[in-house]
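Only one structure is covered here, and it is reproduced in the block below.
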Amino acid sequence: MLELVPAKSILARNKDPRWFGIDYQMNLYRGCCHGCIYCDSRSECYGIEEFDRVRGKKNALALLEEELRHKRKTGVAATGAMSDPYNPYESEAELTRDGFGAAVATKSARITRDLDVLKRIQSHSPVLCKITVTTCDDELCRKLEPYPSVTSERMEAVRILSGAGIFTGLLLMPVLPFLEDSLDNLLGIVRLGAENGARFIYPAFGVTLRQNQREYFYDQLEKRFPGEDLARRYQEKYGSSYVCRARNAKILGEAFRRACRKEGILYSMTEIIKAYRAPYDPVQTSLF
């Protein structure tokens, strides 16, 4: 049974609307059970104890409805930044189905359950679906992201959503050094994205590591990739750096952009925002 915890508010103003043109952020759940070994939300600064234990926010939908009623500015609300809205508990709780933003980030193919809701929202407001994919290899995916849908299942979700006319694409982040920062992997993801109708792929060539998250990540590298000495290699190359850039990031970026242009896939944040908002803006204005 899903544990419920008190919540004072659900909806928060997004501090940087340049991030996919999002106006508001919300999380209906606290914690995440996907087990992704690199997850930034484990970081001490977020103050989430027992991060792997999912808890729903008590009276979340009533709180959200009340907060929306008092917002003077309409806009795009997003969910999925701190906890995946399509965790296993969502199958029964249906918090996401009954009240969620028009921009969704997830690693779960469960999002296709809400195709009818997404289409209903899209009939009057922008909808943006962002499916995170970091590797085109299901076996590697299971090691890095043990419990959500594997890459092939996520790509099938992209195909279903995009085929139904929902503006859908990929978040290619993080790209883990020594594991995912190869041309074969990146170009493979672009190819899969094109085959399944992805409208965009937005990348981050590297990973960020900070307190708590770093220790957990190194520990998992040792357990899941025994004998490869990955934790030591990270420590030698990046030390205590917050940003761990992918090896040959410039070369990878250039090859990635060429492949996207060839396939007609957007990769610029400005162009992605413009494209998914275009049908709803009588006159396109700059968000920057």
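Just so we're on the same page: first chain in the structure tokens is A, next is B, and so on; residues restart at 1 for each chain, and ligands are numbered from 1 in the order they show up.
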
Open item on the list: Could you list, as an MDAnalysis selection string, every residue within 8 Å of Gly193 in chain A, counting only C-alpha atoms and ignoring same-chain residues fewer than 6 positions away?
Closed with: chainID A and resid 155 169:170 201

Output file for the selection above: C-alpha atoms, as an mmCIF file, in the first residue's frame:
```cif
data_model
loop_
_atom_site.group_PDB
_atom_site.id
_atom_site.type_symbol
_atom_site.label_atom_id
_atom_site.label_comp_id
_atom_site.auth_asym_id
_atom_site.auth_seq_id
_atom_site.Cartn_x
_atom_site.Cartn_y
_atom_site.Cartn_z
ATOM 1 C CA MET A 155 11.103 3.693 -27.288
ATOM 2 C CA GLY A 169 11.070 13.291 -27.504
ATOM 3 C CA LEU A 170 14.058 12.086 -25.532
ATOM 4 C CA ILE A 201 16.500 14.775 -28.325
#
```

- [ ] Just the helix (DSSP H, G or I) stuff from range 77-279 of chain A, please, per backbone DSSP, written as a PyMOL selection string.
- [x] chain A and resi 90-93+95-98+109-122+138-144+151-163+183-195+213-224+230-238+249-263+269-279

Excluding Phe217 in chain A and residues on its chain fewer than 5 positions from it, collect all residues at most 12 Å away from it, counting only C-alpha atoms, and give them as a tab-separated table (two decimals) with N, CA and C atoms, in the first residue's frame.
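So the final result, stored in part-v8.tsv, reads:
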```tsv
chain	number	residue	atom	x	y	z
A	35	GLY	N	15.74	3.22	-8.81
A	35	GLY	CA	17.07	2.72	-8.49
A	35	GLY	C	18.18	3.14	-9.42
A	36	CYS	N	18.00	4.22	-10.18
A	36	CYS	CA	19.05	4.68	-11.11
A	36	CYS	C	20.30	5.05	-10.32
A	37	ILE	N	21.43	4.48	-10.68
A	37	ILE	CA	22.61	4.58	-9.83
A	37	ILE	C	23.21	5.98	-9.81
A	38	TYR	N	22.85	6.83	-10.77
A	38	TYR	CA	23.45	8.16	-10.89
A	38	TYR	C	22.52	9.29	-10.43
A	39	CYS	N	21.37	8.98	-9.90
A	39	CYS	CA	20.31	9.98	-9.68
A	39	CYS	C	20.75	11.16	-8.80
A	40	ASP	N	20.61	12.36	-9.33
A	40	ASP	CA	20.98	13.58	-8.62
A	40	ASP	C	20.08	13.84	-7.42
A	42	ARG	N	19.31	12.07	-5.10
A	42	ARG	CA	19.84	11.49	-3.87
A	42	ARG	C	20.70	12.51	-3.11
A	43	SER	N	21.06	13.59	-3.74
A	43	SER	CA	21.99	14.55	-3.16
A	43	SER	C	21.45	15.11	-1.84
A	143	LYS	N	21.47	-2.37	-15.70
A	143	LYS	CA	22.50	-2.18	-14.70
A	143	LYS	C	22.49	-0.75	-14.15
A	144	LEU	N	22.23	0.21	-15.02
A	144	LEU	CA	22.28	1.62	-14.62
A	144	LEU	C	20.96	2.10	-14.04
A	145	GLU	N	19.87	1.56	-14.55
A	145	GLU	CA	18.51	1.98	-14.16
A	145	GLU	C	17.70	0.70	-13.92
A	176	LEU	N	27.02	8.83	-19.26
A	176	LEU	CA	28.02	8.48	-18.26
A	176	LEU	C	29.38	8.21	-18.89
A	207	VAL	N	27.83	13.77	-16.53
A	207	VAL	CA	26.99	13.55	-15.35
A	207	VAL	C	27.42	14.52	-14.26
A	208	THR	N	26.49	14.91	-13.42
A	208	THR	CA	26.83	15.74	-12.26
A	208	THR	C	26.84	14.86	-11.01
A	209	LEU	N	27.82	15.10	-10.15
A	209	LEU	CA	27.96	14.32	-8.92
A	209	LEU	C	28.21	15.26	-7.74
A	210	ARG	N	27.43	15.07	-6.68
A	210	ARG	CA	27.68	15.82	-5.45
A	210	ARG	C	27.46	14.94	-4.23
A	211	GLN	N	27.51	15.56	-3.08
A	211	GLN	CA	27.50	14.80	-1.83
A	211	GLN	C	26.33	13.82	-1.76
A	212	ASN	N	26.57	12.67	-1.15
A	212	ASN	CA	25.62	11.55	-1.07
A	212	ASN	C	25.51	10.83	-2.41
A	222	GLU	N	31.08	-0.24	-8.43
A	222	GLU	CA	31.88	-1.38	-7.99
A	222	GLU	C	31.06	-2.67	-7.96
A	223	LYS	N	29.80	-2.56	-7.53
A	223	LYS	CA	28.94	-3.75	-7.43
A	223	LYS	C	28.46	-4.24	-8.79
A	224	ARG	N	28.14	-3.33	-9.68
A	224	ARG	CA	27.51	-3.72	-10.94
A	224	ARG	C	28.51	-3.96	-12.08
A	225	PHE	N	29.73	-3.43	-11.92
A	225	PHE	CA	30.75	-3.60	-12.95
A	225	PHE	C	32.06	-4.07	-12.29
A	230	LEU	N	35.88	1.20	-12.26
A	230	LEU	CA	35.27	2.45	-12.73
A	230	LEU	C	35.31	3.56	-11.69
A	231	ALA	N	35.08	3.22	-10.42
A	231	ALA	CA	35.11	4.25	-9.37
A	231	ALA	C	36.48	4.93	-9.32
A	232	ARG	N	37.54	4.14	-9.39
A	232	ARG	CA	38.89	4.70	-9.36
A	232	ARG	C	39.13	5.59	-10.59
A	234	TYR	N	36.93	7.26	-12.30
A	234	TYR	CA	36.21	8.52	-12.08
A	234	TYR	C	37.00	9.43	-11.14
A	235	GLN	N	37.47	8.87	-10.05
A	235	GLN	CA	38.20	9.67	-9.06
A	235	GLN	C	39.47	10.26	-9.65
```

Task: CA of Gly239 in chain A to CA of Tyr218 in chain A, distance in Å rounded to a single decimal - done: 12.2 Å

Open item on the list: Neighbouring residues of range 270-274 of chain A were defined as those with any atom within 7 Å, considering only C-alpha atoms; residues of the same chain fewer than 5 positions away were excluded. Please report them as a PyMOL selection string.
Closed with: chain A and resi 20-21+200

Task: Residue set, range 70-171 of chain A restricted to strand (DSSP E), as a list in words - done: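 DSSP on the backbone gives strand (DSSP E) at Ala77, Ala78, Thr79, Ala103, Val104, Ala105, Thr106, Leu128, Cys129, Lys130, Ile131, Thr132, Thr168, Gly169, Leu170 and Leu171 of chain A.
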